[in-house]
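Shown next: upload_35.pdb, given as PDB, N, CA and C atoms and all ligand atoms.
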ATOM      1  N   MET A   1     188.765 103.434  52.877  1.00  0.00           N
ATOM      2  CA  MET A   1     188.323 102.561  51.791  1.00  0.00           C
ATOM      3  C   MET A   1     189.343 102.540  50.666  1.00  0.00           C
ATOM      4  N   THR A   2     189.560 101.374  50.175  1.00  0.00           N
ATOM      5  CA  THR A   2     190.486 101.255  49.065  1.00  0.00           C
ATOM      6  C   THR A   2     189.736 100.805  47.823  1.00  0.00           C
ATOM      7  N   ALA A   3     190.217 101.266  46.731  1.00  0.00           N
ATOM      8  CA  ALA A   3     189.593 100.881  45.468  1.00  0.00           C
ATOM      9  C   ALA A   3     189.785  99.389  45.244  1.00  0.00           C
ATOM     10  N   GLU A   4     188.783  98.766  44.700  1.00  0.00           N
ATOM     11  CA  GLU A   4     188.876  97.336  44.455  1.00  0.00           C
ATOM     12  C   GLU A   4     189.831  97.086  43.300  1.00  0.00           C
ATOM     13  N   ALA A   5     190.830  96.281  43.584  1.00  0.00           N
ATOM     14  CA  ALA A   5     191.823  95.998  42.556  1.00  0.00           C
ATOM     15  C   ALA A   5     191.342  94.863  41.664  1.00  0.00           C
ATOM     16  N   SER A   6     191.734  94.930  40.447  1.00  0.00           N
ATOM     17  CA  SER A   6     191.414  93.833  39.541  1.00  0.00           C
ATOM     18  C   SER A   6     192.682  93.381  38.829  1.00  0.00           C
ATOM     19  N   CYS A   7     192.684  92.135  38.465  1.00  0.00           N
ATOM     20  CA  CYS A   7     193.841  91.530  37.836  1.00  0.00           C
ATOM     21  C   CYS A   7     194.108  92.161  36.467  1.00  0.00           C
ATOM     22  N   CYS A   8     195.370  92.471  36.204  1.00  0.00           N
ATOM     23  CA  CYS A   8     195.699  93.121  34.943  1.00  0.00           C
ATOM     24  C   CYS A   8     195.718  92.134  33.784  1.00  0.00           C
ATOM     25  N   VAL A   9     195.652  90.837  34.103  1.00  0.00           N
ATOM     26  CA  VAL A   9     195.690  89.831  33.042  1.00  0.00           C
ATOM     27  C   VAL A   9     194.285  89.399  32.647  1.00  0.00           C
ATOM     28  N   CYS A  10     193.497  88.937  33.645  1.00  0.00           N
ATOM     29  CA  CYS A  10     192.166  88.434  33.321  1.00  0.00           C
ATOM     30  C   CYS A  10     191.077  89.451  33.622  1.00  0.00           C
ATOM     31  N   GLY A  11     191.410  90.506  34.377  1.00  0.00           N
ATOM     32  CA  GLY A  11     190.440  91.561  34.642  1.00  0.00           C
ATOM     33  C   GLY A  11     189.467  91.248  35.753  1.00  0.00           C
ATOM     34  N   LYS A  12     189.611  90.075  36.369  1.00  0.00           N
ATOM     35  CA  LYS A  12     188.701  89.727  37.463  1.00  0.00           C
ATOM     36  C   LYS A  12     189.199  90.326  38.773  1.00  0.00           C
ATOM     37  N   ALA A  13     188.291  90.414  39.745  1.00  0.00           N
ATOM     38  CA  ALA A  13     188.629  91.029  41.024  1.00  0.00           C
ATOM     39  C   ALA A  13     189.658  90.203  41.774  1.00  0.00           C
ATOM     40  N   LEU A  14     190.498  90.900  42.514  1.00  0.00           N
ATOM     41  CA  LEU A  14     191.502  90.234  43.335  1.00  0.00           C
ATOM     42  C   LEU A  14     191.007  90.206  44.770  1.00  0.00           C
ATOM     43  N   ASP A  15     191.152  89.059  45.420  1.00  0.00           N
ATOM     44  CA  ASP A  15     190.670  88.969  46.796  1.00  0.00           C
ATOM     45  C   ASP A  15     191.739  89.357  47.812  1.00  0.00           C
ATOM     46  N   GLY A  16     192.940  89.568  47.357  1.00  0.00           N
ATOM     47  CA  GLY A  16     193.975  90.049  48.252  1.00  0.00           C
ATOM     48  C   GLY A  16     194.880  88.964  48.791  1.00  0.00           C
ATOM     49  N   SER A  17     194.398  87.733  48.844  1.00  0.00           N
ATOM     50  CA  SER A  17     195.224  86.674  49.417  1.00  0.00           C
ATOM     51  C   SER A  17     196.072  85.978  48.357  1.00  0.00           C
ATOM     52  N   ASN A  18     195.579  85.938  47.161  1.00  0.00           N
ATOM     53  CA  ASN A  18     196.343  85.301  46.086  1.00  0.00           C
ATOM     54  C   ASN A  18     196.731  86.336  45.046  1.00  0.00           C
ATOM     55  N   THR A  19     197.436  87.319  45.518  1.00  0.00           N
ATOM     56  CA  THR A  19     197.765  88.437  44.663  1.00  0.00           C
ATOM     57  C   THR A  19     199.256  88.719  44.681  1.00  0.00           C
ATOM     58  N   ALA A  20     199.787  89.065  43.547  1.00  0.00           N
ATOM     59  CA  ALA A  20     201.173  89.501  43.474  1.00  0.00           C
ATOM     60  C   ALA A  20     201.223  90.726  42.582  1.00  0.00           C
ATOM     61  N   GLU A  21     202.296  91.455  42.711  1.00  0.00           N
ATOM     62  CA  GLU A  21     202.452  92.649  41.897  1.00  0.00           C
ATOM     63  C   GLU A  21     203.590  92.426  40.917  1.00  0.00           C
ATOM     64  N   CYS A  22     203.287  92.669  39.668  1.00  0.00           N
ATOM     65  CA  CYS A  22     204.268  92.451  38.612  1.00  0.00           C
ATOM     66  C   CYS A  22     205.452  93.404  38.762  1.00  0.00           C
ATOM     67  N   ASN A  23     206.644  92.862  38.698  1.00  0.00           N
ATOM     68  CA  ASN A  23     207.837  93.703  38.831  1.00  0.00           C
ATOM     69  C   ASN A  23     208.096  94.526  37.583  1.00  0.00           C
ATOM     70  N   ASN A  24     207.448  94.163  36.512  1.00  0.00           N
ATOM     71  CA  ASN A  24     207.683  94.876  35.265  1.00  0.00           C
ATOM     72  C   ASN A  24     206.692  96.026  35.061  1.00  0.00           C
ATOM     73  N   CYS A  25     205.402  95.716  35.119  1.00  0.00           N
ATOM     74  CA  CYS A  25     204.410  96.762  34.860  1.00  0.00           C
ATOM     75  C   CYS A  25     203.828  97.332  36.147  1.00  0.00           C
ATOM     76  N   GLY A  26     204.048  96.630  37.274  1.00  0.00           N
ATOM     77  CA  GLY A  26     203.600  97.151  38.553  1.00  0.00           C
ATOM     78  C   GLY A  26     202.136  96.909  38.861  1.00  0.00           C
ATOM     79  N   TRP A  27     201.439  96.219  37.986  1.00  0.00           N
ATOM     80  CA  TRP A  27     200.022  95.958  38.206  1.00  0.00           C
ATOM     81  C   TRP A  27     199.854  94.639  38.941  1.00  0.00           C
ATOM     82  N   PRO A  28     198.785  94.541  39.733  1.00  0.00           N
ATOM     83  CA  PRO A  28     198.527  93.294  40.457  1.00  0.00           C
ATOM     84  C   PRO A  28     197.945  92.214  39.552  1.00  0.00           C
ATOM     85  N   PHE A  29     198.205  90.986  39.912  1.00  0.00           N
ATOM     86  CA  PHE A  29     197.639  89.864  39.157  1.00  0.00           C
ATOM     87  C   PHE A  29     197.434  88.675  40.089  1.00  0.00           C
ATOM     88  N   HIS A  30     196.673  87.683  39.636  1.00  0.00           N
ATOM     89  CA  HIS A  30     196.411  86.491  40.436  1.00  0.00           C
ATOM     90  C   HIS A  30     197.656  85.605  40.510  1.00  0.00           C
ATOM     91  N   LEU A  31     198.018  85.240  41.703  1.00  0.00           N
ATOM     92  CA  LEU A  31     199.108  84.286  41.866  1.00  0.00           C
ATOM     93  C   LEU A  31     198.787  83.381  43.045  1.00  0.00           C
ATOM     94  N   ASN A  32     198.644  82.114  42.756  1.00  0.00           N
ATOM     95  CA  ASN A  32     198.377  81.149  43.809  1.00  0.00           C
ATOM     96  C   ASN A  32     199.668  80.837  44.546  1.00  0.00           C
ATOM     97  N   ARG A  33     199.729  81.202  45.799  1.00  0.00           N
ATOM     98  CA  ARG A  33     200.967  81.019  46.558  1.00  0.00           C
ATOM     99  C   ARG A  33     201.011  79.685  47.280  1.00  0.00           C
ATOM    100  N   ARG A  34     199.975  78.906  47.174  1.00  0.00           N
ATOM    101  CA  ARG A  34     199.955  77.625  47.881  1.00  0.00           C
ATOM    102  C   ARG A  34     199.854  76.489  46.883  1.00  0.00           C
ATOM    103  N   ASN A  35     200.703  75.508  47.078  1.00  0.00           N
ATOM    104  CA  ASN A  35     200.710  74.366  46.172  1.00  0.00           C
ATOM    105  C   ASN A  35     199.621  73.359  46.502  1.00  0.00           C
ATOM    106  N   ASP A  36     199.100  73.427  47.728  1.00  0.00           N
ATOM    107  CA  ASP A  36     198.119  72.433  48.152  1.00  0.00           C
ATOM    108  C   ASP A  36     196.687  72.876  47.885  1.00  0.00           C
ATOM    109  N   VAL A  37     196.551  74.046  47.289  1.00  0.00           N
ATOM    110  CA  VAL A  37     195.221  74.557  47.006  1.00  0.00           C
ATOM    111  C   VAL A  37     195.118  74.910  45.533  1.00  0.00           C
ATOM    112  N   GLU A  38     194.001  74.508  44.950  1.00  0.00           N
ATOM    113  CA  GLU A  38     193.774  74.874  43.556  1.00  0.00           C
ATOM    114  C   GLU A  38     193.629  76.384  43.473  1.00  0.00           C
ATOM    115  N   GLY A  39     194.356  76.964  42.581  1.00  0.00           N
ATOM    116  CA  GLY A  39     194.278  78.414  42.478  1.00  0.00           C
ATOM    117  C   GLY A  39     194.514  78.876  41.066  1.00  0.00           C
ATOM    118  N   LYS A  40     194.291  80.148  40.891  1.00  0.00           N
ATOM    119  CA  LYS A  40     194.417  80.728  39.579  1.00  0.00           C
ATOM    120  C   LYS A  40     195.760  81.424  39.461  1.00  0.00           C
ATOM    121  N   ASP A  41     196.450  81.182  38.398  1.00  0.00           N
ATOM    122  CA  ASP A  41     197.720  81.861  38.163  1.00  0.00           C
ATOM    123  C   ASP A  41     197.606  82.720  36.908  1.00  0.00           C
ATOM    124  N   CYS A  42     197.805  83.993  37.084  1.00  0.00           N
ATOM    125  CA  CYS A  42     197.814  84.895  35.934  1.00  0.00           C
ATOM    126  C   CYS A  42     199.217  85.444  35.724  1.00  0.00           C
ATOM    127  N   GLY A  43     200.173  84.764  36.335  1.00  0.00           N
ATOM    128  CA  GLY A  43     201.553  85.203  36.202  1.00  0.00           C
ATOM    129  C   GLY A  43     202.472  84.168  36.803  1.00  0.00           C
ATOM    130  N   ASP A  44     203.685  84.552  36.994  1.00  0.00           N
ATOM    131  CA  ASP A  44     204.664  83.603  37.488  1.00  0.00           C
ATOM    132  C   ASP A  44     205.567  84.276  38.513  1.00  0.00           C
ATOM    133  N   VAL A  45     206.199  83.449  39.333  1.00  0.00           N
ATOM    134  CA  VAL A  45     207.150  83.968  40.312  1.00  0.00           C
ATOM    135  C   VAL A  45     208.404  83.124  40.245  1.00  0.00           C
ATOM    136  N   TRP A  46     209.531  83.767  40.390  1.00  0.00           N
ATOM    137  CA  TRP A  46     210.797  83.042  40.360  1.00  0.00           C
ATOM    138  C   TRP A  46     211.813  83.799  41.203  1.00  0.00           C
ATOM    139  N   ILE A  47     212.928  83.159  41.442  1.00  0.00           N
ATOM    140  CA  ILE A  47     213.947  83.794  42.276  1.00  0.00           C
ATOM    141  C   ILE A  47     215.013  84.434  41.397  1.00  0.00           C
ATOM    142  N   ASN A  48     215.260  85.687  41.648  1.00  0.00           N
ATOM    143  CA  ASN A  48     216.321  86.398  40.955  1.00  0.00           C
ATOM    144  C   ASN A  48     217.650  85.931  41.526  1.00  0.00           C
ATOM    145  N   GLU A  49     218.434  85.269  40.693  1.00  0.00           N
ATOM    146  CA  GLU A  49     219.676  84.675  41.190  1.00  0.00           C
ATOM    147  C   GLU A  49     220.712  85.723  41.571  1.00  0.00           C
ATOM    148  N   GLN A  50     220.580  86.893  41.002  1.00  0.00           N
ATOM    149  CA  GLN A  50     221.564  87.944  41.283  1.00  0.00           C
ATOM    150  C   GLN A  50     221.289  88.604  42.629  1.00  0.00           C
ATOM    151  N   TYR A  51     220.014  88.893  42.870  1.00  0.00           N
ATOM    152  CA  TYR A  51     219.661  89.593  44.096  1.00  0.00           C
ATOM    153  C   TYR A  51     219.025  88.682  45.129  1.00  0.00           C
ATOM    154  N   LEU A  52     218.799  87.393  44.743  1.00  0.00           N
ATOM    155  CA  LEU A  52     218.150  86.447  45.631  1.00  0.00           C
ATOM    156  C   LEU A  52     216.848  86.988  46.184  1.00  0.00           C
ATOM    157  N   SER A  53     216.127  87.666  45.311  1.00  0.00           N
ATOM    158  CA  SER A  53     214.827  88.179  45.708  1.00  0.00           C
ATOM    159  C   SER A  53     213.769  87.567  44.799  1.00  0.00           C
ATOM    160  N   LEU A  54     212.543  87.619  45.257  1.00  0.00           N
ATOM    161  CA  LEU A  54     211.458  87.082  44.457  1.00  0.00           C
ATOM    162  C   LEU A  54     211.063  88.074  43.375  1.00  0.00           C
ATOM    163  N   GLU A  55     210.945  87.559  42.188  1.00  0.00           N
ATOM    164  CA  GLU A  55     210.514  88.391  41.067  1.00  0.00           C
ATOM    165  C   GLU A  55     209.135  87.917  40.644  1.00  0.00           C
ATOM    166  N   PHE A  56     208.272  88.873  40.366  1.00  0.00           N
ATOM    167  CA  PHE A  56     206.935  88.536  39.917  1.00  0.00           C
ATOM    168  C   PHE A  56     206.720  89.077  38.509  1.00  0.00           C
ATOM    169  N   GLY A  57     206.054  88.273  37.717  1.00  0.00           N
ATOM    170  CA  GLY A  57     205.762  88.728  36.361  1.00  0.00           C
ATOM    171  C   GLY A  57     204.377  88.277  35.939  1.00  0.00           C
ATOM    172  N   CYS A  58     203.579  89.202  35.447  1.00  0.00           N
ATOM    173  CA  CYS A  58     202.258  88.822  34.959  1.00  0.00           C
ATOM    174  C   CYS A  58     202.391  88.241  33.552  1.00  0.00           C
ATOM    175  N   PHE A  59     201.366  87.491  33.157  1.00  0.00           N
ATOM    176  CA  PHE A  59     201.433  86.865  31.842  1.00  0.00           C
ATOM    177  C   PHE A  59     201.429  87.898  30.725  1.00  0.00           C
ATOM    178  N   ASN A  60     200.916  89.070  30.990  1.00  0.00           N
ATOM    179  CA  ASN A  60     200.968  90.125  29.969  1.00  0.00           C
ATOM    180  C   ASN A  60     202.412  90.435  29.603  1.00  0.00           C
ATOM    181  N   CYS A  61     203.240  90.533  30.635  1.00  0.00           N
ATOM    182  CA  CYS A  61     204.641  90.895  30.408  1.00  0.00           C
ATOM    183  C   CYS A  61     205.464  89.690  29.993  1.00  0.00           C
ATOM    184  N   LEU A  62     205.080  88.518  30.471  1.00  0.00           N
ATOM    185  CA  LEU A  62     205.843  87.322  30.135  1.00  0.00           C
ATOM    186  C   LEU A  62     205.493  86.815  28.743  1.00  0.00           C
ATOM    187  N   GLY A  63     204.411  87.340  28.201  1.00  0.00           N
ATOM    188  CA  GLY A  63     204.036  86.932  26.854  1.00  0.00           C
ATOM    189  C   GLY A  63     203.451  85.532  26.799  1.00  0.00           C
ATOM    190  N   ASN A  64     202.938  85.090  27.930  1.00  0.00           N
ATOM    191  CA  ASN A  64     202.349  83.760  27.991  1.00  0.00           C
ATOM    192  C   ASN A  64     200.894  83.830  27.523  1.00  0.00           C
ATOM    193  N   THR A  65     200.571  83.056  26.529  1.00  0.00           N
ATOM    194  CA  THR A  65     199.218  83.120  25.968  1.00  0.00           C
ATOM    195  C   THR A  65     198.332  82.002  26.496  1.00  0.00           C
ATOM    196  N   GLU A  66     198.860  81.187  27.406  1.00  0.00           N
ATOM    197  CA  GLU A  66     198.070  80.073  27.915  1.00  0.00           C
ATOM    198  C   GLU A  66     196.838  80.556  28.664  1.00  0.00           C
ATOM    199  N   ALA A  67     196.986  81.658  29.383  1.00  0.00           N
ATOM    200  CA  ALA A  67     195.887  82.150  30.202  1.00  0.00           C
ATOM    201  C   ALA A  67     194.679  82.515  29.348  1.00  0.00           C
ATOM    202  N   THR A  68     194.904  83.011  28.179  1.00  0.00           N
ATOM    203  CA  THR A  68     193.801  83.445  27.334  1.00  0.00           C
ATOM    204  C   THR A  68     193.379  82.345  26.375  1.00  0.00           C
ATOM    205  N   GLY A  69     194.164  81.275  26.296  1.00  0.00           N
ATOM    206  CA  GLY A  69     193.820  80.194  25.405  1.00  0.00           C
ATOM    207  C   GLY A  69     194.009  80.552  23.952  1.00  0.00           C
ATOM    208  N   ALA A  70     194.810  81.542  23.699  1.00  0.00           N
ATOM    209  CA  ALA A  70     195.043  81.968  22.336  1.00  0.00           C
ATOM    210  C   ALA A  70     195.778  80.880  21.551  1.00  0.00           C
ATOM    211  N   GLU A  71     195.409  80.732  20.333  1.00  0.00           N
ATOM    212  CA  GLU A  71     196.082  79.721  19.506  1.00  0.00           C
ATOM    213  C   GLU A  71     197.457  80.214  19.093  1.00  0.00           C
ATOM    214  N   PRO A  72     198.389  79.292  19.008  1.00  0.00           N
ATOM    215  CA  PRO A  72     199.725  79.700  18.521  1.00  0.00           C
ATOM    216  C   PRO A  72     199.632  80.132  17.070  1.00  0.00           C
ATOM    217  N   PRO A  73     200.454  81.059  16.681  1.00  0.00           N
ATOM    218  CA  PRO A  73     200.424  81.549  15.313  1.00  0.00           C
ATOM    219  C   PRO A  73     200.728  80.427  14.316  1.00  0.00           C
ATOM    220  N   VAL A  74     199.981  80.437  13.236  1.00  0.00           N
ATOM    221  CA  VAL A  74     200.210  79.423  12.213  1.00  0.00           C
ATOM    222  C   VAL A  74     201.495  79.755  11.456  1.00  0.00           C
ATOM    223  N   GLY A  75     202.294  78.725  11.251  1.00  0.00           N
ATOM    224  CA  GLY A  75     203.558  78.948  10.555  1.00  0.00           C
ATOM    225  C   GLY A  75     203.332  79.494   9.160  1.00  0.00           C
ATOM    226  N   ARG A  76     204.098  80.463   8.805  1.00  0.00           N
ATOM    227  CA  ARG A  76     203.968  81.067   7.471  1.00  0.00           C
ATOM    228  C   ARG A  76     204.671  80.233   6.427  1.00  0.00           C
ATOM    229  N   GLY A  77     204.066  80.173   5.280  1.00  0.00           N
ATOM    230  CA  GLY A  77     204.719  79.484   4.174  1.00  0.00           C
ATOM    231  C   GLY A  77     205.827  80.344   3.625  1.00  0.00           C
ATOM    232  N   HIS A  78     206.704  79.716   2.893  1.00  0.00           N
ATOM    233  CA  HIS A  78     207.807  80.507   2.352  1.00  0.00           C
ATOM    234  C   HIS A  78     207.907  80.366   0.851  1.00  0.00           C
TER     235      HIS A  78
HETATM  236 ZN    ZN B 101     193.832  87.085  36.921  1.00  0.00          ZN
HETATM  237 ZN    ZN B 102     203.277  92.886  34.106  1.00  0.00          ZN
END

Just give me the structure of the file as structure tokens.
Amino acid sequence: MTAEASCCVCGKALDGSNTAECNNCGWPFHLNRRNDVEGKDCGDVWINEQYLSLEFGCFNCLGNTEATGAEPPVGRGH
């Protein structure tokens, strides 16, 4: 038996098929690997041009606030 993994970004359970592991923090997150199916993305994947390997990054590490719907910071007056 394996412990049920949960996404490090949204905290919901991972089903195992749409899962990737962040190369930065090492935690699993939701990643839709199919373009023809609606899926949840809690991170991003790209190709490392130096090593030609796939790199995975969760939105926590990428600093993407879209997943949480957080408002952008209001510009400070000067
Ligand atoms: Zn998630
Ligand atoms: Zn991460």

Write out as JSON lines the residues of chain A that have any atom within 5 Å of an atom of ligand ZN 101 (chain B), one row each with the nearest atom pair and its distance in Å to one decimal, counting only N, CA and C atoms and all ligand atoms, sorted by chain and then rising number.
{"residue": "A:Cys7", "atom": "CA", "partner": "B:ZN101", "partner_atom": "ZN", "distance": 4.5}
{"residue": "A:Val9", "atom": "C", "partner": "B:ZN101", "partner_atom": "ZN", "distance": 4.9}
{"residue": "A:Cys10", "atom": "N", "partner": "B:ZN101", "partner_atom": "ZN", "distance": 3.8}
{"residue": "A:Gly11", "atom": "N", "partner": "B:ZN101", "partner_atom": "ZN", "distance": 4.9}
{"residue": "A:His30", "atom": "N", "partner": "B:ZN101", "partner_atom": "ZN", "distance": 4.0}
{"residue": "A:Cys42", "atom": "CA", "partner": "B:ZN101", "partner_atom": "ZN", "distance": 4.7}

File of the preceding selection, N, CA and C atoms, as a PDB file, in the frame of the given file:
ATOM      1  N   CYS A   7     192.684  92.135  38.465  1.00  0.00           N
ATOM      2  CA  CYS A   7     193.841  91.530  37.836  1.00  0.00           C
ATOM      3  C   CYS A   7     194.108  92.161  36.467  1.00  0.00           C
ATOM      4  N   VAL A   9     195.652  90.837  34.103  1.00  0.00           N
ATOM      5  CA  VAL A   9     195.690  89.831  33.042  1.00  0.00           C
ATOM      6  C   VAL A   9     194.285  89.399  32.647  1.00  0.00           C
ATOM      7  N   CYS A  10     193.497  88.937  33.645  1.00  0.00           N
ATOM      8  CA  CYS A  10     192.166  88.434  33.321  1.00  0.00           C
ATOM      9  C   CYS A  10     191.077  89.451  33.622  1.00  0.00           C
ATOM     10  N   GLY A  11     191.410  90.506  34.377  1.00  0.00           N
ATOM     11  CA  GLY A  11     190.440  91.561  34.642  1.00  0.00           C
ATOM     12  C   GLY A  11     189.467  91.248  35.753  1.00  0.00           C
ATOM     13  N   HIS A  30     196.673  87.683  39.636  1.00  0.00           N
ATOM     14  CA  HIS A  30     196.411  86.491  40.436  1.00  0.00           C
ATOM     15  C   HIS A  30     197.656  85.605  40.510  1.00  0.00           C
ATOM     16  N   CYS A  42     197.805  83.993  37.084  1.00  0.00           N
ATOM     17  CA  CYS A  42     197.814  84.895  35.934  1.00  0.00           C
ATOM     18  C   CYS A  42     199.217  85.444  35.724  1.00  0.00           C
TER      19      CYS A  42
END

Can you tell me which residues come within 6.5 Å of ligand ZN 102 (chain B) when counting all atoms listed in the file, ideally as a ChimeraX atom specification? /A:22-27,57-62

Could you give me, as a PDB file with N, CA and C atoms, in the coordinates of the input, the residues within 8 Å of Lys40 of chain A, counting all atoms listed in the file and dropping anything in the same chain fewer than 6 positions from it?
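And here's selection.pdb as it stands now:
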ATOM      1  N   ASN A  18     195.579  85.938  47.161  1.00  0.00           N
ATOM      2  CA  ASN A  18     196.343  85.301  46.086  1.00  0.00           C
ATOM      3  C   ASN A  18     196.731  86.336  45.046  1.00  0.00           C
ATOM      4  N   PHE A  29     198.205  90.986  39.912  1.00  0.00           N
ATOM      5  CA  PHE A  29     197.639  89.864  39.157  1.00  0.00           C
ATOM      6  C   PHE A  29     197.434  88.675  40.089  1.00  0.00           C
ATOM      7  N   HIS A  30     196.673  87.683  39.636  1.00  0.00           N
ATOM      8  CA  HIS A  30     196.411  86.491  40.436  1.00  0.00           C
ATOM      9  C   HIS A  30     197.656  85.605  40.510  1.00  0.00           C
ATOM     10  N   LEU A  31     198.018  85.240  41.703  1.00  0.00           N
ATOM     11  CA  LEU A  31     199.108  84.286  41.866  1.00  0.00           C
ATOM     12  C   LEU A  31     198.787  83.381  43.045  1.00  0.00           C
ATOM     13  N   ASN A  32     198.644  82.114  42.756  1.00  0.00           N
ATOM     14  CA  ASN A  32     198.377  81.149  43.809  1.00  0.00           C
ATOM     15  C   ASN A  32     199.668  80.837  44.546  1.00  0.00           C
ATOM     16  N   ARG A  33     199.729  81.202  45.799  1.00  0.00           N
ATOM     17  CA  ARG A  33     200.967  81.019  46.558  1.00  0.00           C
ATOM     18  C   ARG A  33     201.011  79.685  47.280  1.00  0.00           C
TER      19      ARG A  33
END

Which distance in Å separates atom N of Asn35 of chain A and atom CA of Leu54 of chain A, to one decimal?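 Atom CA of Leu54 of chain A lies 16.0 Å from atom N of Asn35 of chain A.
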
Could you work out how far atom N of Cys8 of chain A lies from atom C of Pro28 of chain A, giving the answer in Å with one decimal? 4.2 Å

Extending 3 Å beyond the listed atoms of segment 25-43 of chain A on each side, what axis-aligned box results? I want centre and edge lengths in Å to one decimal, as JSON.
{"center_x": 199.5, "center_y": 84.9, "center_z": 41.5, "size_x": 17.8, "size_y": 30.9, "size_z": 19.3}

Could you work out how far atom CA of Glu21 of chain A lies from atom CA of Glu4 of chain A, giving the answer in Å with one decimal? 14.6 Å
